[in-house]
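Shown next: upload-v9.txt, given as compact mmCIF, C-alpha atoms.
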```
# COMPACT_ATOMS: atom_id res chain seq x y z
CA MET A 1 33.57 -4.78 -9.29
CA ASP A 2 35.36 -4.15 -12.59
CA ASN A 3 32.29 -5.39 -14.46
CA ILE A 4 29.98 -3.12 -12.47
CA ILE A 5 32.19 -0.09 -13.13
CA SER A 6 32.28 -0.98 -16.83
CA LEU A 7 28.49 -1.22 -16.93
CA HIS A 8 28.24 2.14 -15.13
CA GLU A 9 30.49 3.77 -17.72
CA ASP A 10 28.50 2.30 -20.61
CA LEU A 11 25.26 3.64 -19.15
CA LYS A 12 26.71 7.06 -18.39
CA ASN A 13 28.16 7.40 -21.90
CA LYS A 14 25.11 5.77 -23.54
CA THR A 15 27.28 3.14 -25.17
CA TYR A 16 25.45 0.26 -23.46
CA LYS A 17 24.27 -2.50 -25.79
CA HIS A 18 22.14 -5.42 -24.66
CA SER A 19 23.80 -8.80 -25.24
CA ALA A 20 22.26 -11.70 -27.15
CA TYR A 21 19.88 -14.06 -25.37
CA HIS A 22 20.38 -17.73 -24.58
CA THR A 23 17.29 -19.58 -25.86
CA PHE A 24 15.77 -22.81 -24.57
CA ASN A 25 12.36 -24.50 -24.52
CA ILE A 26 10.19 -25.66 -21.62
CA SER A 27 6.75 -27.28 -21.27
CA ASP A 28 4.72 -25.30 -18.74
CA PRO A 29 2.50 -27.28 -19.54
CA LYS A 30 2.37 -26.06 -23.15
CA PRO A 31 5.66 -25.50 -25.03
CA ARG A 32 7.25 -22.11 -24.38
CA ASN A 33 10.35 -20.50 -25.84
CA ILE A 34 12.40 -18.88 -23.04
CA HIS A 35 15.06 -16.23 -23.69
CA LYS A 36 17.63 -15.85 -20.92
CA ALA A 37 19.73 -12.69 -20.76
CA SER A 38 23.39 -12.55 -19.69
CA VAL A 39 24.31 -11.91 -16.04
CA ARG A 40 25.37 -8.36 -16.92
CA ASP A 41 22.02 -7.60 -18.53
CA ARG A 42 20.01 -9.32 -15.79
CA LEU A 43 21.78 -7.16 -13.21
CA LEU A 44 20.59 -4.09 -15.10
CA HIS A 45 17.06 -5.54 -15.45
CA HIS A 46 16.84 -5.86 -11.67
CA ALA A 47 18.05 -2.29 -11.17
CA ILE A 48 15.43 -0.97 -13.62
CA TYR A 49 12.70 -3.07 -12.02
CA ARG A 50 13.62 -2.00 -8.49
CA ILE A 51 13.22 1.68 -9.38
CA LEU A 52 10.29 1.58 -11.81
CA TYR A 53 8.04 -1.05 -10.21
CA PRO A 54 6.99 1.05 -7.15
CA TYR A 55 6.29 4.03 -9.44
CA PHE A 56 4.08 2.12 -11.87
CA ASP A 57 2.43 -0.21 -9.36
CA LYS A 58 0.56 2.77 -7.88
CA LYS A 59 -0.92 3.48 -11.31
CA PHE A 60 -2.27 -0.04 -11.90
CA ILE A 61 -5.87 -0.96 -11.12
CA PHE A 62 -6.48 -2.96 -7.96
CA ASP A 63 -7.75 -6.07 -9.76
CA SER A 64 -4.67 -6.69 -11.91
CA TYR A 65 -3.00 -9.68 -10.26
CA SER A 66 -0.05 -10.88 -12.35
CA CYS A 67 3.59 -10.23 -11.30
CA ARG A 68 2.72 -7.79 -8.51
CA LEU A 69 3.60 -7.76 -4.82
CA ASN A 70 0.80 -9.01 -2.56
CA LYS A 71 -1.24 -10.19 -5.56
CA GLY A 72 -0.83 -13.47 -7.50
CA THR A 73 -3.06 -16.36 -8.53
CA HIS A 74 -4.58 -17.11 -5.13
CA LYS A 75 -5.69 -13.50 -4.63
CA ALA A 76 -7.16 -13.51 -8.15
CA MET A 77 -9.02 -16.75 -7.40
CA GLU A 78 -10.52 -15.29 -4.23
CA LYS A 79 -11.58 -12.15 -6.06
CA PHE A 80 -13.26 -14.32 -8.72
CA LYS A 81 -15.28 -15.98 -5.96
CA SER A 82 -16.13 -12.61 -4.40
CA PHE A 83 -17.27 -11.02 -7.69
CA SER A 84 -19.34 -14.05 -8.69
CA ARG A 85 -21.14 -13.95 -5.35
CA LYS A 86 -21.88 -10.25 -5.66
CA VAL A 87 -23.21 -10.47 -9.23
CA SER A 88 -25.23 -13.63 -8.54
CA LYS A 89 -26.64 -12.19 -5.27
CA ASN A 90 -25.16 -15.07 -3.27
CA ASN A 91 -25.91 -17.59 -6.02
CA THR A 92 -29.62 -16.72 -6.26
CA LYS A 93 -29.41 -14.94 -9.66
CA GLN A 94 -27.84 -15.79 -12.99
CA CYS A 95 -24.22 -14.63 -13.32
CA TRP A 96 -22.82 -14.22 -16.85
CA ILE A 97 -19.05 -14.18 -17.39
CA LEU A 98 -17.04 -13.05 -20.41
CA LYS A 99 -13.66 -14.76 -20.46
CA CYS A 100 -10.95 -14.10 -23.04
CA ASP A 101 -7.21 -14.04 -23.50
CA ILE A 102 -4.83 -12.51 -26.02
CA LYS A 103 -3.41 -14.37 -29.00
CA LYS A 104 0.39 -14.81 -28.74
CA PHE A 105 0.57 -12.24 -25.98
CA PHE A 106 4.32 -11.65 -25.42
CA ALA A 107 5.17 -12.22 -29.07
CA THR A 108 2.79 -9.50 -30.33
CA ILE A 109 3.55 -6.59 -27.97
CA ASP A 110 4.15 -3.63 -30.30
CA HIS A 111 7.47 -1.85 -29.59
CA ASN A 112 6.40 1.61 -30.81
CA SER A 113 3.18 1.52 -28.81
CA LEU A 114 5.02 0.35 -25.70
CA ARG A 115 7.66 3.09 -25.99
CA TYR A 116 4.92 5.70 -26.43
CA ILE A 117 3.11 4.50 -23.29
CA VAL A 118 6.30 4.50 -21.20
CA THR A 119 7.23 8.00 -22.45
CA LYS A 120 3.78 9.23 -21.47
CA TYR A 121 4.55 8.38 -17.84
CA ILE A 122 8.30 9.07 -17.76
CA PRO A 123 9.56 12.30 -19.34
CA ASP A 124 13.22 11.61 -18.44
CA GLU A 125 15.19 11.13 -21.69
CA ASP A 126 17.92 8.99 -20.12
CA VAL A 127 15.43 6.55 -18.63
CA ASN A 128 13.54 6.32 -21.91
CA TRP A 129 16.77 5.70 -23.80
CA LEU A 130 17.62 2.84 -21.45
CA ILE A 131 14.15 1.26 -21.64
CA THR A 132 14.33 1.49 -25.43
CA GLN A 133 17.57 -0.56 -25.32
CA ILE A 134 15.73 -3.24 -23.32
CA ILE A 135 12.64 -3.23 -25.56
CA GLU A 136 14.65 -3.41 -28.78
CA SER A 137 16.96 -6.16 -27.48
CA PHE A 138 14.44 -8.74 -28.67
CA HIS A 139 11.81 -9.23 -31.35
CA SER A 140 9.68 -12.16 -32.49
CA VAL A 141 9.02 -10.33 -35.75
CA PRO A 142 10.44 -6.87 -36.57
CA GLY A 143 9.02 -4.27 -34.16
CA LYS A 144 7.12 -6.74 -31.99
CA GLY A 145 7.62 -9.03 -29.02
CA LEU A 146 9.06 -9.19 -25.51
CA PRO A 147 11.18 -12.09 -24.25
CA LEU A 148 9.69 -14.61 -21.85
CA GLY A 149 12.26 -14.78 -19.06
CA ASN A 150 13.14 -11.11 -18.53
CA LEU A 151 12.16 -9.54 -15.22
CA THR A 152 11.61 -6.29 -17.12
CA SER A 153 9.15 -8.04 -19.46
CA GLN A 154 6.83 -8.75 -16.52
CA LEU A 155 6.72 -5.06 -15.67
CA LEU A 156 6.51 -3.84 -19.26
CA VAL A 157 3.51 -6.04 -20.13
CA ASN A 158 1.69 -4.73 -17.05
CA ILE A 159 2.47 -1.15 -18.12
CA TYR A 160 1.22 -2.01 -21.61
CA MET A 161 -1.98 -3.71 -20.47
CA ASN A 162 -2.68 -1.00 -17.90
CA GLU A 163 -3.97 1.02 -20.86
CA PHE A 164 -6.57 -1.70 -21.43
CA ASP A 165 -7.37 -1.89 -17.70
CA GLN A 166 -7.94 1.87 -17.47
CA PHE A 167 -10.16 1.80 -20.56
CA ALA A 168 -12.23 -1.04 -19.12
CA LYS A 169 -12.61 0.51 -15.66
CA HIS A 170 -12.86 4.24 -16.41
CA ASN A 171 -14.16 4.54 -19.97
CA LEU A 172 -16.47 1.55 -20.05
CA LYS A 173 -17.20 1.74 -16.29
CA ILE A 174 -16.89 -2.02 -15.79
CA LYS A 175 -17.28 -2.73 -12.09
CA TYR A 176 -16.51 -6.44 -11.92
CA TYR A 177 -13.35 -7.17 -13.91
CA ILE A 178 -10.20 -9.20 -13.21
CA ARG A 179 -7.01 -9.48 -15.25
CA TYR A 180 -4.18 -11.93 -14.72
CA ALA A 181 -1.51 -11.35 -17.43
CA ASP A 182 -3.45 -11.96 -20.65
CA ASP A 183 -6.44 -13.70 -19.01
CA PHE A 184 -9.53 -11.52 -18.51
CA VAL A 185 -12.90 -12.13 -16.85
CA PHE A 186 -15.88 -9.76 -16.75
CA PHE A 187 -18.96 -10.39 -14.59
CA THR A 188 -22.54 -9.15 -15.10
CA SER A 189 -26.15 -10.30 -14.84
CA ASP A 190 -26.86 -9.16 -18.44
CA ARG A 191 -25.63 -11.36 -21.28
CA GLN A 192 -26.40 -8.78 -23.99
CA TYR A 193 -24.19 -6.26 -22.21
CA LEU A 194 -21.21 -8.65 -22.49
CA THR A 195 -21.77 -9.06 -26.23
CA LEU A 196 -21.61 -5.28 -26.72
CA LEU A 197 -18.68 -5.05 -24.32
CA LEU A 198 -16.66 -7.60 -26.29
CA THR A 199 -16.93 -5.52 -29.46
CA ALA A 200 -15.69 -2.38 -27.68
CA LEU A 201 -12.78 -4.26 -26.08
CA GLU A 202 -11.71 -5.83 -29.38
CA LYS A 203 -11.66 -2.42 -31.08
CA PHE A 204 -9.55 -0.88 -28.32
CA LEU A 205 -7.05 -3.75 -28.37
CA ALA A 206 -6.66 -3.58 -32.15
CA ASN A 207 -6.49 0.21 -32.48
CA LYS A 208 -4.51 1.22 -29.39
CA LEU A 209 -2.38 -1.82 -28.52
CA LYS A 210 -2.13 -3.73 -31.83
CA LEU A 211 -3.34 -6.91 -30.11
CA SER A 212 -6.21 -9.33 -30.67
CA PHE A 213 -8.16 -11.84 -28.60
CA HIS A 214 -7.53 -15.52 -29.23
CA PRO A 215 -10.55 -16.62 -31.33
CA ASP A 216 -10.71 -20.04 -29.66
CA LYS A 217 -10.47 -18.70 -26.11
CA VAL A 218 -13.28 -16.13 -26.02
CA PHE A 219 -16.62 -17.20 -24.58
CA ILE A 220 -19.64 -15.95 -22.65
CA LYS A 221 -20.91 -18.49 -20.13
CA THR A 222 -23.01 -18.72 -17.01
CA LEU A 223 -21.28 -19.42 -13.73
CA SER A 224 -23.59 -22.41 -13.23
CA SER A 225 -22.21 -24.05 -16.41
CA GLY A 226 -18.62 -23.79 -15.10
CA VAL A 227 -15.98 -21.19 -15.96
CA ASP A 228 -12.31 -22.10 -16.42
CA PHE A 229 -9.89 -19.54 -14.92
CA LEU A 230 -6.28 -19.94 -13.73
CA GLY A 231 -6.35 -23.75 -13.69
CA TRP A 232 -9.67 -24.13 -11.87
CA VAL A 233 -13.28 -24.49 -13.03
CA TYR A 234 -15.66 -22.29 -11.02
CA PHE A 235 -19.27 -23.09 -10.16
CA PRO A 236 -21.70 -21.37 -7.75
CA GLY A 237 -20.31 -22.03 -4.29
CA HIS A 238 -17.30 -24.17 -5.25
CA ARG A 239 -14.44 -24.73 -7.68
CA VAL A 240 -12.80 -27.89 -9.00
CA LEU A 241 -9.40 -28.56 -10.52
CA ARG A 242 -9.19 -28.35 -14.32
CA THR A 243 -9.15 -31.86 -15.83
CA SER A 244 -5.90 -31.31 -17.74
CA THR A 245 -4.17 -30.02 -14.58
CA LYS A 246 -5.41 -33.05 -12.62
CA ARG A 247 -4.15 -35.51 -15.25
CA ARG A 248 -0.77 -33.80 -15.43
CA MET A 249 -0.44 -33.91 -11.63
CA PHE A 250 -1.20 -37.64 -11.40
CA LYS A 251 1.14 -38.41 -14.29
CA ARG A 252 4.05 -36.57 -12.69
CA LEU A 253 3.46 -38.06 -9.24
CA SER A 254 3.17 -41.58 -10.68
CA GLU A 255 6.28 -41.34 -12.87
CA LYS A 256 8.64 -39.47 -10.55
CA PHE A 257 7.55 -39.08 -6.95
CA SER A 258 9.29 -36.45 -4.82
CA SER A 259 8.45 -34.80 -1.51
CA GLU A 260 8.91 -31.36 -3.08
CA SER A 261 6.35 -31.95 -5.84
CA LEU A 262 3.98 -33.61 -3.36
CA VAL A 263 4.06 -30.60 -1.01
CA SER A 264 3.52 -28.28 -3.99
CA TYR A 265 0.49 -30.21 -5.25
CA LEU A 266 -1.05 -30.61 -1.78
CA GLY A 267 -0.70 -26.86 -1.29
CA MET A 268 -2.48 -26.24 -4.60
CA LEU A 269 -5.30 -28.68 -3.75
CA LYS A 270 -6.14 -26.73 -0.58
CA HIS A 271 -7.62 -23.97 -2.71
CA GLY A 272 -10.59 -25.91 -4.07
CA ASN A 273 -13.05 -28.76 -3.59
CA THR A 274 -10.59 -31.62 -4.01
CA TYR A 275 -11.47 -34.29 -1.42
CA LYS A 276 -11.57 -37.17 -3.95
CA ILE A 277 -8.37 -36.00 -5.65
CA ARG A 278 -6.53 -35.84 -2.33
CA LYS A 279 -7.66 -39.39 -1.56
CA SER A 280 -6.16 -40.50 -4.89
CA VAL A 281 -2.92 -38.67 -4.02
CA ASP A 282 -2.87 -40.56 -0.71
CA ASP A 283 -3.05 -43.83 -2.69
CA ILE A 284 0.00 -42.78 -4.74
CA ILE A 285 1.89 -41.92 -1.53
CA TYR A 286 1.03 -45.33 -0.11
CA LYS A 287 2.22 -47.05 -3.29
CA TRP A 288 5.60 -45.28 -3.17
```

Translate the structure described by the file into structure tokens.
Amino acid sequence: MDNIISLHEDLKNKTYKHSAYHTFNISDPKPRNIHKASVRDRLLHHAIYRILYPYFDKKFIFDSYSCRLNKGTHKAMEKFKSFSRKVSKNNTKQCWILKCDIKKFFATIDHNSLRYIVTKYIPDEDVNWLITQIIESFHSVPGKGLPLGNLTSQLLVNIYMNEFDQFAKHNLKIKYYIRYADDFVFFTSDRQYLTLLLTALEKFLANKLKLSFHPDKVFIKTLSSGVDFLGWVYFPGHRVLRTSTKRRMFKRLSEKFSSESLVSYLGMLKHGNTYKIRKSVDDIIYKW
């Protein structure tokens, strides 16, 4: 209780300062640098999130699926299937998909741009002062970056990328579009349209959000050739597990079998065409 009262006084007097982060690395599956805030700061992060999330969530587009209640990867996967069916006329026409993601997403969020966007929605000076303390508590390079590991970072990146979502939906009038964090997919029956669209999107990202697409992760493909999204490769009428995800799963189950990981993987495999993979998992279970 003494700590809570002390935090209250610091906020009321605007003497609050965010503490340093504890840093550690994980492989998820690629290496990531996680920054963990102190208990005192995490308590404040939750308070900010609890108040601001309902306010901003109403302003987000429907087809933004990352870090939102009643959304998530499985809903995004189902919407991918729905959009591909609509554009391909139930798999009777060619469906072209533009897929891209942002280079060093969390590390390149621009602090000034983020503060400007938040201020546009929230005129309250005290709230903006507090959010500025959170934003400026971390940087990858001066003036840029949000920490992986903060609850507030999940909300702030959605607020930031909502500008991109609104541009895509309302300015460019894109009907079939899904975003999950920094992964984007756009669906159409016209390949040339996607080429023109990519140029407009790149300009908006660079000029308004100071971001850029990852040059090695931007492509325009047909659905029939297979499109990789959120760990699965999609084809007309079915989806299969990404090869790297499959290899990682078998490696972990073979090296260190546990009922918890087994249940997790079996739950994941229910969401695609995985009969042969599940048979191989059964063989591993039998071995153990």

Atom CA of A:Lys144 to atom CA of A:Thr108, distance in Å rounded to a single decimal =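 Distance between the two atoms: 5.4 Å.
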
10 Å contact set for A:Phe106, only C-alpha atoms, chain neighbours under 5 positions out, as a PDB file with C-alpha atoms, in the frame of the given file:
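Contents of around-v4.pdb, freshly written:
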```
ATOM      1  CA  HIS A 139      11.810  -9.230 -31.350  1.00  0.00           C
ATOM      2  CA  SER A 140       9.680 -12.160 -32.490  1.00  0.00           C
ATOM      3  CA  LYS A 144       7.120  -6.740 -31.990  1.00  0.00           C
ATOM      4  CA  GLY A 145       7.620  -9.030 -29.020  1.00  0.00           C
ATOM      5  CA  LEU A 146       9.060  -9.190 -25.510  1.00  0.00           C
ATOM      6  CA  PRO A 147      11.180 -12.090 -24.250  1.00  0.00           C
ATOM      7  CA  LEU A 148       9.690 -14.610 -21.850  1.00  0.00           C
ATOM      8  CA  SER A 153       9.150  -8.040 -19.460  1.00  0.00           C
ATOM      9  CA  GLN A 154       6.830  -8.750 -16.520  1.00  0.00           C
ATOM     10  CA  VAL A 157       3.510  -6.040 -20.130  1.00  0.00           C
ATOM     11  CA  ALA A 181      -1.510 -11.350 -17.430  1.00  0.00           C
ATOM     12  CA  ASP A 182      -3.450 -11.960 -20.650  1.00  0.00           C
TER      13      ASP A 182
END
```

Hey, could you make a per-residue contact list for stretch 186-257 of chain A against stretch 167-180 of chain A with 8 Å as the cut-off, showing the nearest pair of atoms and its distance in Å to one decimal, counting only C-alpha atoms, sorted by chain and number, as JSON lines?
```
{"residue": "A:Phe186", "atom": "CA", "partner": "A:Tyr177", "partner_atom": "CA", "distance": 4.6}
{"residue": "A:Phe187", "atom": "CA", "partner": "A:Tyr176", "partner_atom": "CA", "distance": 5.4}
{"residue": "A:Thr188", "atom": "CA", "partner": "A:Tyr176", "partner_atom": "CA", "distance": 7.3}
{"residue": "A:Leu201", "atom": "CA", "partner": "A:Ala168", "partner_atom": "CA", "distance": 7.7}
```

Point out the residue among A:Leu241, A:Ile48, A:Leu156, A:Leu209 with the least atom-to-atom distance to A:Tyr275, counting all atoms listed in the file.
->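 Closest residue, counting all atoms listed in the file: A:Leu241.
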
What is the atom CA of A:Arg248-atom CA of A:Trp232 distance in Å, reported with one decimal?
->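 Atom CA of A:Arg248 sits 13.6 Å away from atom CA of A:Trp232.
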
Choose the residue, out of A:Lys75, A:Ile26, A:Leu69, A:Ile4, that has the smallest atom-to-atom separation from A:Pro54; count all atoms listed in the file.
-> A:Leu69

Which of these residues is nearest to A:Lys99, using all atoms listed in the file: A:Gly267, A:Pro215, A:Pro236, A:Gly143?
->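 Closest candidate: A:Pro215.
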
Could you name the residues that touch A:Tyr116 at 12 Å or less, counting all atoms listed in the file, but leaving out those on the same chain fewer than 6 positions away, as a list in words?
->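 What passes the distance filter is Asp110, Ile122, Pro123, Asn128, Ile131, Thr132, Ile135, Ile159, Tyr160, Glu163, Lys208 and Leu209 of chain A.
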
Atom CA of A:Arg40 to atom CA of A:Met1, straight-line distance in Å =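 So the two atoms, atom CA of A:Met1 and atom CA of A:Arg40, lie 11.8 Å apart.
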
Have a look at A:Thr195, A:Ser224, A:Asn150, A:Ser264 and name the one nearest to A:Met249; count all atoms listed in the file.
-> A:Ser264

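When all atoms listed in the file are used to compute distances to A:Cys67, the closest of the residues A:His46, A:Asn25, A:Asn91, A:Leu155 turns out to be A:Leu155.
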
Top pick for closest residue to A:Leu43, considering A:Phe184, A:Leu253, A:Leu7, A:Tyr234 and counting all atoms listed in the file |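 Comparing A:Phe184, A:Leu253, A:Leu7, A:Tyr234 against A:Leu43, the winner is A:Leu7.
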
Write out as a list in words each polymer residue whose atoms come within 12 Å of A:Asn273, counting only C-alpha atoms; drop sequence neighbours fewer than 5 positions from it.
-> Trp232, Val233, Tyr234, Phe235, Gly237, His238, Arg239, Val240, Leu241, Arg242, Met268 and Arg278 of chain A

Can you list, as a PyMOL selection string, every protein, DNA or RNA residue that comes within 7 Å of stretch 85-88 of chain A when you count all atoms listed in the file, leaving out same-chain residues fewer than 4 positions away?
-> chain A and resi 81+92-95+187-189

Neighbour list for A:Phe219 as a ChimeraX atom specification, cut-off 9 Å, all atoms listed in the file, skip fewer than 3 positions in-chain = /A:97-100,216

For C-alpha atoms, please extract stretch 207-222 of chain A from the block and return it as a PDB file, in the first residue's frame.
```pdb
ATOM      1  CA  ASN A 207       6.170  10.037 -45.038  1.00  0.00           C
ATOM      2  CA  LYS A 208       3.631   9.694 -42.222  1.00  0.00           C
ATOM      3  CA  LEU A 209       4.994   6.934 -39.976  1.00  0.00           C
ATOM      4  CA  LYS A 210       8.747   6.921 -40.738  1.00  0.00           C
ATOM      5  CA  LEU A 211       8.608   3.168 -41.425  1.00  0.00           C
ATOM      6  CA  SER A 212       9.533   0.951 -44.362  1.00  0.00           C
ATOM      7  CA  PHE A 213       8.580  -2.482 -45.652  1.00  0.00           C
ATOM      8  CA  HIS A 214      11.113  -5.277 -45.282  1.00  0.00           C
ATOM      9  CA  PRO A 215      12.608  -5.621 -48.802  1.00  0.00           C
ATOM     10  CA  ASP A 216      12.905  -9.411 -48.512  1.00  0.00           C
ATOM     11  CA  LYS A 217       9.367  -9.932 -47.225  1.00  0.00           C
ATOM     12  CA  VAL A 218       7.268  -8.143 -49.840  1.00  0.00           C
ATOM     13  CA  PHE A 219       5.749 -10.220 -52.622  1.00  0.00           C
ATOM     14  CA  ILE A 220       2.742 -10.486 -54.923  1.00  0.00           C
ATOM     15  CA  LYS A 221       1.606 -14.071 -55.432  1.00  0.00           C
ATOM     16  CA  THR A 222      -1.399 -16.065 -56.525  1.00  0.00           C
TER      17      THR A 222
END
```
